[in-house]
Structures are given as structure tokens and as C-alpha cells.
Amino acid sequence: MLYEINPDALKGEITRLGVYRPSVSILADKGRVLALKVTDVRTPAANIIKQEMLAAGGDCATPGTAITCAVPRVDIILLGGRKQYDILLYKMRQMPYFGIPAVVAELERYLRKGPKGTLLADGRRLTYDRMAVMGILNVTPDSFYAGSRRQGTDAVLAQAERMLADGAAILDIGGESTRPGADPVTAEEERARVLPAVEQVKRRFPEAVVSVDTYRASLAREALAAGADIINDISAMQADPGMLQAVVDTGAPIILMHMRGVPKNMQTQCQYDNVVQEVAASLDERARLLRDRGIGPDKIILDPGIGFAKDTPQNLALIQGLNALTGSEYPVLMAASRKTVIGQALGGLPPEERLEGTLAISAASVYAGAELVRVHDVRENVRLIRMLEAIRRAGQEGES
């Protein structure tokens, strides 16, 4: 008999063979082919890297223009297991030319990254041994999904209590609809909606982790003073330049989401050559602004911005290519709950009928290695995610 082994089960299967224990991880690593794209490599370096990766037993995809050095720079895709990458790095460290040291630094940063976490300003730490589910708590009258709207103290607290009981690790409170085509509300109106909700939730549930969904630095500061723990900025600090200083001053983590333009006009700005690569590069650039001010990766969360300046094919490509972000040193949030991409992919379903599509995206996010999902339906998503995590852990039973 011959059968294929699921990658999640490989380590347990090797252990059950009775293999010498220190060899288990080494052998399991050989069962995984890792595809890494490196952009903007000097062409001579690309040719050298290809030959060294082939010699190590892996492979490297390069464009046809590389062999003749017809262009000065190219993108490449490396294909190999951990052993091949270790050999490649050993060889490349001896090559201080053609920009190869910069490629070495990027590869080492990726391959050596440790567990991710988020450090809150009050010293508490979110760890992601299990995916964290963020519940959406909209204090708006016009969010795209009517089922998420909550107004009045009793309604807000009842929804917060339900979400926490259902397993929400974070409550995300927002006071302005950012659906495509939406008009902005005034700072005064957003403040009047958000601050009371934050204060009420933290008073009733002091241990709850609360994020405030705003791109205004002044409101972020006030919400944090009222007890909020995380800033969720759909503009990645572009709408209000003061947001960067707010993060530096308060020590609060921030979610940086990718968007072009503003909600009113963002769907006119969906022009990309490679949406996955461009979104990843843009978020990395925004994160570097924080890193340059001494903010560590445990204060930064990345969100690809599903539905923000992307059409349906681009949104699907981002969901499929989420590894471009999860491979970074930053935790990643997938926020696609009941969005238009689901309705269009399933033949025109309204928001009220997009739960199953949302669950599919949450499952895909688990497999891509995302740390968080932001959803309207906490209980259903928590159950799906925990079940999927249990299935994936089953392959590791033989390790104990």
C-alpha cells in the first residue's frame, strides 16, 4: 500500500516510525517546499542565486531576460526545502557583490522569524497560538450590513457581552461606515458615537480587549484614554499624519490597512499590475515608518484591505495570496466578513446571505497562517476556526 501524507500530519507520522527524535524536525522540514519571491534583484545576482539553488538541490525561476542580463534587475522565485535554503545562505554569505548581501538579509529575516504577538499599552500580551477572532461592533446607522448596527447603551453592551461569550478575543468599535462610496462623518459625530461605546464596554467588561476603528489621531488618543487598547486605522496613517505620533506617544498597537484614496472614491483606484505584491510592499513601507521611530513588530498588525480599492478578482487574489503578508514578522488580520467579494463570487448574494462565504475565507486564512480575523458572526467563526485548528493539530499527536 502507498498513500500520501498531509503536511500537517507529517511530523507525527515520522515520529510514529520510531525515528531518532532529534531527526524528526529535520526530516519534517524536508517535506515542505517553500516558494519565496524576491523582487528587484540585480540580474547578475539572480543568475548566481539560480545556480547555487540548483546546486543545493532546489530550483529558482528567473525570467528569460536574466540569462543575457538584458535588463538590470529582475524578480525571482526560489523553490526549496529548509535544507536547500540553509545551503544557499551559507554560499551566499561568502558573496559581497551584486547586492547579494541584501538578499541574504531578507532571507535570514524570513527564515529566522519567531512567534508573533501583540503587546498592549497596559502590558498585556496577545499571543496567537490560536487564531484570534475580532468581533465587529458598529455604532453607526448605515453600515453595509444592517445586522451589525448597534445604537444605544443597552444594544451595545448586549452585543459586546454576546461576542465575548462566543469567544471574541477583541471587540472592534467603529463609528463611521467606510463602505464603498460612503461619505465621511464629521469628527464631532464620530467622537459622539465612539467614545461612549468604548467607555461603556470597558466599564462593564474591564478585561476585554477593545480596538477603535478610526483614522483620526485625536479620536484614537481619546479612545485609548477611555480604555481602548488597539488602533484600527483603515488609512494606515495616511489620512491623519498625527496618527504615527499617537502610536509613539501612547504605546498602543496599530492595525495598518491597505487602501487607496478614501471610501468615497477608492473604487476608482483599482489599477494594479500585481495586487498581492503591491499591497504587501505598501504595507511594509507603512510599517517601516513606525519601525524607524522605534516601534517594534509587536505593535504592528497588517490588514490587506479586502474591498478597499480592489475589485472582486483582486480581492480573491489577495485572499489566495495572503502568505505574502503572513510570511512577514507582523501579525496579519483578515477582514472580509460579509463583504461584496463574497456576494459577487457566489452569484450576487446580499450581505444577509454571506455567512458561509465568510466562513470559507476564515478557513483559508487559517491555512495561510493569519493571526486574526475580523467578523460580524463571532460564534460561527470561532467554532469553524477551532474545529479546523483541532484537525490540524491531530497530525501532531505522535510527537508526545
# chains A, B, ... in the order shown; residues from 1 in each chain; ligands from 1

$ select_by_dssp --residues "range 139-383 of chain A" --states "strand (DSSP E or B)" --output "list in words"
Arg149, Ile170, Leu171, Asp172, Ile173, Gly174, Val210, Ser211, Val212, Asp213, Ile230, Ile231, Asn232, Asp233, Ile254, Ile255, Leu256, Met257, Ile300, Ile301, Leu302, Asp303, Val332, Leu333, Met334, Leu372, Val373, Arg374 and Val375 of chain A

$ residues_around --residues "range 272-284 of chain A" --least-positions-apart "5" --cutoff "8 Å" --atoms "only C-alpha atoms" --output "list in words"
Ala236, Leu256, Met257, His258, Leu302, Pro304, Gln314, Ala317, Leu318, Gly321, Leu322, Ala324 and Leu325 of chain A

$ select_by_dssp --residues "range 204-338 of chain A" --states "helix (DSSP H, G or I)" --output "ChimeraX atom specification"
/A:204,217-225,242-250,266-268,275-291,297-299,312-320,323-326

$ atom_distance --atom1 "CA of Thr250 in chain A" --atom2 "CA of Pro196 in chain A"
20.1 Å

$ residues_around --residues "range 24-33 of chain A" --least-positions-apart "5" --cutoff "8 Å" --atoms "only C-alpha atoms" --output "ChimeraX atom specification"
/A:7,10-11,14-15,19,79-83

$ write_last_selection --atoms "C-alpha atoms" --output "CSV table (one decimal), in the first residue's frame"
chain,number,residue,atom,x,y,z
A,7,PRO,CA,1.7,18.2,5.5
A,10,LEU,CA,3.9,14.6,8.5
A,11,LYS,CA,5.8,15.3,11.8
A,14,ILE,CA,7.7,10.4,11.1
A,15,THR,CA,7.6,10.2,14.9
A,19,VAL,CA,12.9,7.8,14.1
A,79,LEU,CA,11.8,26.8,-4.6
A,80,GLY,CA,13.3,24.5,-2.0
A,81,GLY,CA,13.1,22.9,1.4
A,82,ARG,CA,14.8,24.2,4.6
A,83,LYS,CA,17.9,22.3,3.8

$ closest_atom_pairs --of "range 190-248 of chain A" --to "range 167-186 of chain A" --cutoff "7 Å" --atoms "only C-alpha atoms" --output "tab-separated table"
residue	atom	partner	partner_atom	distance
A:Glu190	CA	A:Gly175	CA	5.2
A:Arg193	CA	A:Gly175	CA	5.6
A:Val194	CA	A:Gly175	CA	5.4
A:Ala208	CA	A:Ile170	CA	6.9
A:Val209	CA	A:Ile170	CA	4.9
A:Val210	CA	A:Leu171	CA	4.8
A:Ser211	CA	A:Asp172	CA	4.7
A:Val212	CA	A:Ile173	CA	5.1
A:Asp213	CA	A:Gly174	CA	4.6
A:Thr214	CA	A:Gly174	CA	6.8

$ residues_around --residues "Ala360 in chain A" --least-positions-apart "2" --cutoff "12 Å" --atoms "only C-alpha atoms" --output "PyMOL selection string"
chain A and resi 316+319-320+334+336-338+342+345-346+354-358+362-367+373+380-381+384-385+388

$ residues_around --residues "Arg42 in chain A" --least-positions-apart "2" --cutoff "6 Å" --atoms "only C-alpha atoms" --output "list in words"
Pro44, Ala45, Pro72 and Arg73 of chain A

$ write_last_selection --atoms "N, CA and C atoms" --output "short mmCIF file (atom, residue, chain, number, x, y, z; two decimals), in the first residue's frame"
data_model
loop_
_atom_site.label_atom_id
_atom_site.label_comp_id
_atom_site.auth_asym_id
_atom_site.auth_seq_id
_atom_site.Cartn_x
_atom_site.Cartn_y
_atom_site.Cartn_z
N PRO A 44 22.82 39.95 -12.48
CA PRO A 44 23.93 39.01 -12.23
C PRO A 44 23.72 38.19 -10.96
N ALA A 45 23.19 38.85 -9.93
CA ALA A 45 22.92 38.13 -8.69
C ALA A 45 21.86 37.06 -8.90
N PRO A 72 18.55 45.28 -16.10
CA PRO A 72 19.43 45.39 -14.92
C PRO A 72 18.91 44.66 -13.69
N ARG A 73 17.60 44.55 -13.55
CA ARG A 73 17.02 43.93 -12.35
C ARG A 73 15.84 43.05 -12.72
#

$ atom_distance --atom1 "CA of Tyr85 in chain A" --atom2 "CA of Glu371 in chain A"
25.3 Å
